[in-house]
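Step one of this worksheet: look at the structure below.
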Amino acid sequence: MSTPRKSLTSAGFTLIELVITVALVGLMAMMVLPLYEVTTTRMKESELRHALRTIREGLDAYKAAVDDGRLASDAGTSGYPPSLELLTEPLELVSKRDLSGSQKSQRMVILRQLPRDPFNNDPDIPAAQTWQTRAYASRTDDPEPGEDVFDVSSKSDRMALDGTSYSSW
């Protein structure tokens with residue numbers, strides 16, 4: 001009589017299979033992490049371009065309103081706003097008389113909300129203070145803040161993916 005033998009196969013993973021699986025997962029993670037960082041940086045760069053475009057369009061709209069006589073300005077000023085915060089406030093338009101001779105009070109808001117610099121990670125700083133401002137009277141090669149806001153740039157000292165400085169955008 002022969003006795004039935006037990007099968008030597010087991011229902012589990014061997015140590016070598018587990019080590020190979022962990023090594024493969026680690027290798028894939030090492031390849032994906034730099035791609036994730038580049039993608040995140042690209043998204044922030046896109047946000048920065050959009051924010052700069054929005055603010056610059058707001059500055060141009062304010063200047064156009066002053067030049068058209070819709071907003072009052074003092075003689076001898078550049079016509080640009082004295083601060084970025086002013087772009088989000090209701091601005092009193094120069095009152096005009098209608099056909100009946102009465103004056104109408106109207107207001108204009110240029111930006112609903114001032115965008116933040118996406119490379120500034122401090123949420124306690126107001127959006128206007130996340131930007132480096134340049135006055136109309138400052139030189140192009142040496143931008144300095146002043147009595148008005150002619151242009152904005154990022155305060156970040158990081159380099160973009162294309163090799164330029166974010167502060168030069």
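Residue numbering restarts at 1 in every chain; chains get A, B, ... in the order shown in the structure tokens, and ligands count up from 1 in that same order.
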
- request: List the neighbours of Leu86 of chain A out to 10 Å using only C-alpha atoms; skip same-chain residues closer than 4 positions along the sequence, and give me the result as a ChimeraX atom specification.
  value: /A:59,62,81-82,90-91,109-111,114,128

Against segment 130-149 of chain A, which residues of segment 29-92 of chain A fall within 10 Å? For each one I want the closest pair of atoms and the distance in Å (one decimal), counting only C-alpha atoms, rows by chain and increasing residue number, as CSV.
residue,atom,partner,partner_atom,distance
A:Leu52,CA,A:Trp131,CA,9.5
A:Arg56,CA,A:Val149,CA,9.9
A:Leu59,CA,A:Val149,CA,7.7
A:Thr77,CA,A:Asp148,CA,8.6
A:Ser78,CA,A:Tyr136,CA,6.9
A:Gly79,CA,A:Asp148,CA,8.3
A:Tyr80,CA,A:Asp148,CA,5.8
A:Pro81,CA,A:Asp148,CA,5.4
A:Pro82,CA,A:Asp148,CA,4.0
A:Ser83,CA,A:Val149,CA,6.0
A:Leu84,CA,A:Val149,CA,6.9

Only N, CA, C and O atoms, please: the residues just picked out, written as a PDB file, in the first residue's frame.
ATOM      1  N   LEU A  52       0.098  87.389 -14.439  1.00  0.00           N
ATOM      2  CA  LEU A  52       0.781  88.583 -14.954  1.00  0.00           C
ATOM      3  C   LEU A  52      -0.041  89.238 -16.063  1.00  0.00           C
ATOM      4  O   LEU A  52      -0.170  90.470 -16.113  1.00  0.00           O
ATOM      5  N   ARG A  56      -1.519  93.014 -15.720  1.00  0.00           N
ATOM      6  CA  ARG A  56      -1.076  93.994 -16.716  1.00  0.00           C
ATOM      7  C   ARG A  56      -2.241  94.537 -17.526  1.00  0.00           C
ATOM      8  O   ARG A  56      -2.273  95.718 -17.866  1.00  0.00           O
ATOM      9  N   LEU A  59      -3.850  97.076 -15.269  1.00  0.00           N
ATOM     10  CA  LEU A  59      -3.080  98.331 -15.246  1.00  0.00           C
ATOM     11  C   LEU A  59      -3.331  99.140 -16.516  1.00  0.00           C
ATOM     12  O   LEU A  59      -3.514 100.365 -16.462  1.00  0.00           O
ATOM     13  N   THR A  77       0.794 113.504 -13.140  1.00  0.00           N
ATOM     14  CA  THR A  77       0.977 112.099 -12.770  1.00  0.00           C
ATOM     15  C   THR A  77       0.997 111.246 -14.032  1.00  0.00           C
ATOM     16  O   THR A  77       0.587 111.676 -15.108  1.00  0.00           O
ATOM     17  N   SER A  78       1.452 110.028 -13.890  1.00  0.00           N
ATOM     18  CA  SER A  78       1.590 109.139 -15.044  1.00  0.00           C
ATOM     19  C   SER A  78       0.257 108.588 -15.534  1.00  0.00           C
ATOM     20  O   SER A  78       0.148 108.156 -16.672  1.00  0.00           O
ATOM     21  N   GLY A  79      -0.740 108.549 -14.675  1.00  0.00           N
ATOM     22  CA  GLY A  79      -2.019 107.970 -15.047  1.00  0.00           C
ATOM     23  C   GLY A  79      -2.151 106.513 -14.646  1.00  0.00           C
ATOM     24  O   GLY A  79      -3.187 105.896 -14.869  1.00  0.00           O
ATOM     25  N   TYR A  80      -1.109 105.943 -14.073  1.00  0.00           N
ATOM     26  CA  TYR A  80      -1.163 104.567 -13.584  1.00  0.00           C
ATOM     27  C   TYR A  80      -1.594 104.575 -12.124  1.00  0.00           C
ATOM     28  O   TYR A  80      -1.412 105.570 -11.414  1.00  0.00           O
ATOM     29  N   PRO A  81      -2.169 103.468 -11.624  1.00  0.00           N
ATOM     30  CA  PRO A  81      -2.675 103.459 -10.243  1.00  0.00           C
ATOM     31  C   PRO A  81      -1.539 103.558  -9.222  1.00  0.00           C
ATOM     32  O   PRO A  81      -0.438 103.063  -9.456  1.00  0.00           O
ATOM     33  N   PRO A  82      -1.817 104.185  -8.087  1.00  0.00           N
ATOM     34  CA  PRO A  82      -0.787 104.285  -7.047  1.00  0.00           C
ATOM     35  C   PRO A  82      -0.504 102.956  -6.340  1.00  0.00           C
ATOM     36  O   PRO A  82       0.542 102.798  -5.726  1.00  0.00           O
ATOM     37  N   SER A  83      -1.427 101.996  -6.432  1.00  0.00           N
ATOM     38  CA  SER A  83      -1.214 100.687  -5.799  1.00  0.00           C
ATOM     39  C   SER A  83      -1.999  99.631  -6.558  1.00  0.00           C
ATOM     40  O   SER A  83      -2.947  99.936  -7.285  1.00  0.00           O
ATOM     41  N   LEU A  84      -1.605  98.376  -6.364  1.00  0.00           N
ATOM     42  CA  LEU A  84      -2.326  97.269  -6.991  1.00  0.00           C
ATOM     43  C   LEU A  84      -3.709  97.079  -6.377  1.00  0.00           C
ATOM     44  O   LEU A  84      -4.646  96.672  -7.066  1.00  0.00           O
TER      45      LEU A  84
END

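If you look at atom CA of Arg42 of chain A and atom CA of Phe119 of chain A, they are 11.6 Å away from each other.
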
- prompt: So which residues touch Asp157 of chain A within 8 Å, counting only C-alpha atoms, skipping near sequence neighbours fewer than 6 positions away, as a list of chain:residue names?
  reply: A:Ser165, A:Tyr166, A:Ser167

- request: Give me every helix (DSSP H, G or I) residue in chain A, going by DSSP on the backbone, as a PyMOL selection string.
  value: chain A and resi 15-68+85-88+127-130+166-168

Long-range neighbours of Asn120 of chain A as a list of chain:residue names, 10 Å cut-off, only C-alpha atoms, 6 positions minimum in chain: A:Ala127, A:Gln129, A:Thr130, A:Trp131, A:Ser154, A:Lys155, A:Ser156

- request: Might you pull out every residue within 12 Å of Met43 of chain A, with only C-alpha atoms counted and same-chain residues fewer than 5 positions away left off, and present them as number ranges by chain?
  value: A: 36-38, 48-50, 118-119, 160-161

Write the residues of the preceding selection, restricted to C-alpha atoms, as a PDB file, in the first residue's frame.
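File result_29.pdb, as written:
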ATOM      1  CA  TYR A  36       5.566  64.999 -11.289  1.00  0.00           C
ATOM      2  CA  GLU A  37       7.865  67.850 -10.201  1.00  0.00           C
ATOM      3  CA  VAL A  38       8.226  69.133 -13.773  1.00  0.00           C
ATOM      4  CA  LEU A  48       2.116  82.930 -13.299  1.00  0.00           C
ATOM      5  CA  ARG A  49       1.712  83.834 -16.982  1.00  0.00           C
ATOM      6  CA  HIS A  50      -2.042  84.120 -16.562  1.00  0.00           C
ATOM      7  CA  PRO A 118       1.854  81.221  -7.507  1.00  0.00           C
ATOM      8  CA  PHE A 119       5.493  80.935  -6.401  1.00  0.00           C
ATOM      9  CA  ALA A 160      11.991  78.813 -14.923  1.00  0.00           C
ATOM     10  CA  LEU A 161      12.113  75.580 -16.901  1.00  0.00           C
TER      11      LEU A 161
END

query: In Å to one decimal, how far is atom CA of Ser105 of chain A from atom CA of Glu92 of chain A?
result: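 Calculated distance between atom CA of Glu92 of chain A and atom CA of Ser105 of chain A is 7.3 Å.
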
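The residues of chain A that DSSP assigns to strand (DSSP E) on this backbone come out as A:Leu91, A:Glu92, A:Lys96, A:Arg97, A:Gln103, A:Lys104, A:Arg107, A:Met108, A:Trp131, A:Gln132, A:Thr133, A:Arg134, A:Asp151, A:Val152, A:Ser153, A:Ser154.
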
query: Between atom CA of Asp68 of chain A and atom CA of Ser95 of chain A, what is the distance, to one decimal in Å?
result: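 So the answer is 13.1 Å.
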